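Since the structure comes first, as structure tokens, the remarks are kept for the end.
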Amino acid sequence: MGVFRAVYTPPLDTTVCRRTELCEVLCEIHITHVFEVERQAMSRVSQVMTVASILVLSMLITAANRASTAVSASASAAAPSDAPNTGDIDLTGYTLTFEDNFDRLSLATRSPKGSATWFHIPPYGAAANYSASKWDSNALSVAGGILSIKAYQDPSGTWRSGNISSVDETGQGFAQRYGYFEVRARMPESGTGSWPAFWLLSSTSINNTTGKKFSEIDIFEWYGTTYTHNRAIISEATHNWAPGGTHGEGAEFYSPTTPMPNGAKPWKGYHIYGCQIDPVHITWYIDGIRTNQIPTSDAAAYMTGPYYMMLDYALGGGWPIDKVVNDSTFDIDWVRVYALPASAGRS
């Protein structure tokens, strides 16, 4: 994400059978005439029964076909990309340190943010203008326990969208060095140029007057071109930043085509995107399934402060924005952070 977000370069009925009863007609006529009547009656009964049998068989076949079609349709509807996703890692022994379920929007538009949970823009200065849209708190709304960040064009044609940060421009707010950070979210149904993300940045990136290096971890970035081309992928990355905002030395990690578990399409449903940072590894998860891992040592020299969180619906990311859908939303169910159990990251 860049600074600091890095720019991308190029799924019986029950049939009721009605029974027909034949009543015997008794007539006192000549015996041969009786036999003829009986013969004709039996012939008609046989015909009636034959026709009835054919009708019943036809009805049964039709019912079976309908049942088969229903089963097939049900199986199609349960394709992996549409299935609910509730998986998470085993959090036994972890301690919850931050949680927002978005029952309301606790947002400050001035620093210091006081008791508000979120700040309305990236807090680290001019470099925060990395989006092809203008940050606008009007793009943020909460309804039914969901935070929606909207990308929209105002009457003048200017694109606007939203960002939230867990700290403000003074560095006040929530930040944590090691732990498990996660969000349950759904990507926008919007094409190339859409660029939502959940990412972490060292608190030393704010008012960095001492010239410290700092670290960025992208728990995910999502490029709308994957919606345009119907691809089940997402981006996971780390970046090392020098004090001036240029890329620093040392190993960085970049996986822009990380496969979604089970071929899920990120815009079709909610998924849990998480990252564990411990002294040994930085590990990414989607729906509790590990997707990437690197040694913490690759970023250790740049981990100069605890990480604060940002969620945004940016536009661009190195792509044109002509396929961004006006009024599309990046939807967030909740955000949670945990402190690690004592045993984490010891091997």
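Ordered as shown in the structure tokens, chains take letters A, B, and onward, while each chain numbers its residues from 1 and ligands are numbered from 1 in the order shown.
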Near-Val142 of chain A list (9 Å; only C-alpha atoms; drop same-chain fewer than 2 positions) as a PyMOL selection string: chain A and resi 102-105+140+144-149
Might you pull out every residue within 9 Å of Ala300 of chain A, with only C-alpha atoms counted and same-chain residues fewer than 4 positions away left off, and present them as number ranges by chain? A: 215, 279, 296, 304
Just write the chosen residues, N, CA and C atoms, as an mmCIF file, in the first residue's frame.
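Just written: again_27.cif:
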```cif
data_model
loop_
_atom_site.group_PDB
_atom_site.id
_atom_site.type_symbol
_atom_site.label_atom_id
_atom_site.label_comp_id
_atom_site.auth_asym_id
_atom_site.auth_seq_id
_atom_site.Cartn_x
_atom_site.Cartn_y
_atom_site.Cartn_z
ATOM 1 N N SER A 215 8.030 -0.254 8.941
ATOM 2 C CA SER A 215 7.576 -1.471 8.263
ATOM 3 C C SER A 215 6.096 -1.376 7.892
ATOM 4 N N PRO A 279 7.756 -13.299 16.957
ATOM 5 C CA PRO A 279 9.200 -13.090 16.814
ATOM 6 C C PRO A 279 9.869 -13.942 15.751
ATOM 7 N N THR A 296 10.246 -13.436 10.283
ATOM 8 C CA THR A 296 10.121 -12.080 10.817
ATOM 9 C C THR A 296 11.420 -11.305 10.618
ATOM 10 N N THR A 304 10.171 -0.804 13.839
ATOM 11 C CA THR A 304 10.662 0.160 14.826
ATOM 12 C C THR A 304 9.575 0.676 15.756
#
```
Using only C-alpha atoms, can you tell me which of A:Leu107, A:Ala242, A:Ile272, A:Ile234 comes closest to Pro256 of chain A?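 That would be A:Ile234, the residue with the smallest distance to Pro256 of chain A.
Using only C-alpha atoms, the nearest neighbour of Lys323 of chain A within the list A:Glu221, A:Glu189, A:Asp154, A:Glu99 is A:Glu189.
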Give me, as a PyMOL selection string, the residues of segment 105-305 of chain A that a backbone DSSP run labels strand (DSSP E or B). chain A and resi 107-108+118-119+134-135+140-143+146-153+159-161+163-165+167+173+176+179-186+194-202+214-221+233-241+247+253-259+271-277+281-286+289-295
Contacts of Val324 of chain A at 8 Å (only C-alpha atoms; same-chain gap of 6+ positions) as a compact mmCIF listing (two decimals) with C-alpha atoms, in the first residue's frame:
```txt
# COMPACT_ATOMS: atom_id res chain seq x y z
CA SER A 190 -16.26 -3.31 -8.96
CA GLY A 191 -13.66 -3.69 -11.68
CA THR A 192 -10.17 -2.51 -12.59
CA GLY A 193 -9.06 0.48 -10.54
CA SER A 194 -10.76 -0.64 -7.32
CA GLY A 224 -10.43 -4.80 -9.08
```
With a distance cut-off of 10 Å and only C-alpha atoms, select the neighbouring residues of Asn138 of chain A, excluding the residue or stretch itself and same-chain residues fewer than 5 positions from it, and output the selection as a ChimeraX atom specification. /A:120,149-150,160-162
Would you mind exporting C-alpha atoms of the selected residues as an mmCIF file, in the first residue's frame?
```cif
data_model
loop_
_atom_site.group_PDB
_atom_site.id
_atom_site.type_symbol
_atom_site.label_atom_id
_atom_site.label_comp_id
_atom_site.auth_asym_id
_atom_site.auth_seq_id
_atom_site.Cartn_x
_atom_site.Cartn_y
_atom_site.Cartn_z
ATOM 1 C CA HIS A 120 -10.844 9.413 9.160
ATOM 2 C CA ILE A 149 -16.789 2.205 2.566
ATOM 3 C CA LYS A 150 -18.148 3.589 -0.683
ATOM 4 C CA ARG A 160 -14.401 10.085 -3.417
ATOM 5 C CA SER A 161 -13.879 7.156 -1.044
ATOM 6 C CA GLY A 162 -12.952 6.419 2.556
#
```
Any idea what the distance is between atom CA of Ser137 of chain A and atom CA of Pro188 of chain A?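 If I compute the distance from atom CA of Ser137 of chain A to atom CA of Pro188 of chain A, I get 18.0 Å.
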Could you write out, as a ChimeraX atom specification, all the residues of segment 162-266 of chain A that DSSP marks as helix (DSSP H, G or I)? /A:203-205,225-228,261-263
Would you mind exporting the chosen residues as a short mmCIF file (atom, residue, chain, number, x, y, z; two decimals), in the first residue's frame, restricted to N, CA and C atoms?
```
data_model
loop_
_atom_site.label_atom_id
_atom_site.label_comp_id
_atom_site.auth_asym_id
_atom_site.auth_seq_id
_atom_site.Cartn_x
_atom_site.Cartn_y
_atom_site.Cartn_z
N SER A 203 4.13 2.60 13.89
CA SER A 203 3.74 3.91 14.41
C SER A 203 4.83 4.95 14.21
N THR A 204 6.08 4.52 13.97
CA THR A 204 7.17 5.46 13.71
C THR A 204 7.02 6.16 12.36
N SER A 205 6.06 5.78 11.56
CA SER A 205 5.79 6.48 10.30
C SER A 205 5.13 7.83 10.53
N THR A 225 -9.05 -5.52 -10.94
CA THR A 225 -8.85 -6.25 -12.20
C THR A 225 -9.17 -7.73 -12.05
N THR A 226 -9.07 -8.25 -10.81
CA THR A 226 -9.41 -9.66 -10.59
C THR A 226 -10.92 -9.88 -10.71
N TYR A 227 -11.72 -8.85 -10.39
CA TYR A 227 -13.17 -8.91 -10.61
C TYR A 227 -13.46 -8.84 -12.11
N THR A 228 -12.77 -7.95 -12.79
CA THR A 228 -12.94 -7.80 -14.23
C THR A 228 -12.67 -9.12 -14.94
N PRO A 261 -8.70 -19.67 -0.85
CA PRO A 261 -9.03 -21.07 -0.53
C PRO A 261 -10.34 -21.49 -1.19
N ASN A 262 -10.34 -22.70 -1.72
CA ASN A 262 -11.52 -23.31 -2.35
C ASN A 262 -12.02 -22.54 -3.56
N GLY A 263 -11.18 -21.71 -4.14
CA GLY A 263 -11.58 -20.97 -5.33
C GLY A 263 -12.63 -19.92 -5.09
#
```
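Using only C-alpha atoms, the smallest distance between any of A:Gly157, A:Cys275, A:Gly125, A:Ala116 and Gly173 of chain A comes from A:Ala116.
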Fewer than 4 positions away in the same chain doesn't count, so skip those; otherwise give me all residues within 8 Å of Leu311 of chain A, counting only C-alpha atoms, as a list of chain:residue names.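 So the residues in contact are A:Asn163, A:Ile164, A:Ser165, A:Pro196, A:Ala197, A:Phe198, A:Trp199.
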As a check of understanding: the span from atom CA of Ile282 of chain A to atom CA of Arg336 of chain A is 17.1 Å
Give the answer as one residue: which of A:Tyr338, A:Tyr124, A:Trp319, A:Tyr178 has the shortest atom-to-atom distance to Pro306 of chain A, using only C-alpha atoms? A:Tyr178
Can you tell me how far atom CA of Phe214 of chain A sits from atom CA of Gly274 of chain A, in Å to one decimal? 20.7 Å
I need the residue nearest Gly318 of chain A from this list: A:Ala232, A:Thr246, A:Val337, A:Tyr130. Use only C-alpha atoms for the distance.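 Under the stated criterion, the closest residue is A:Tyr130.
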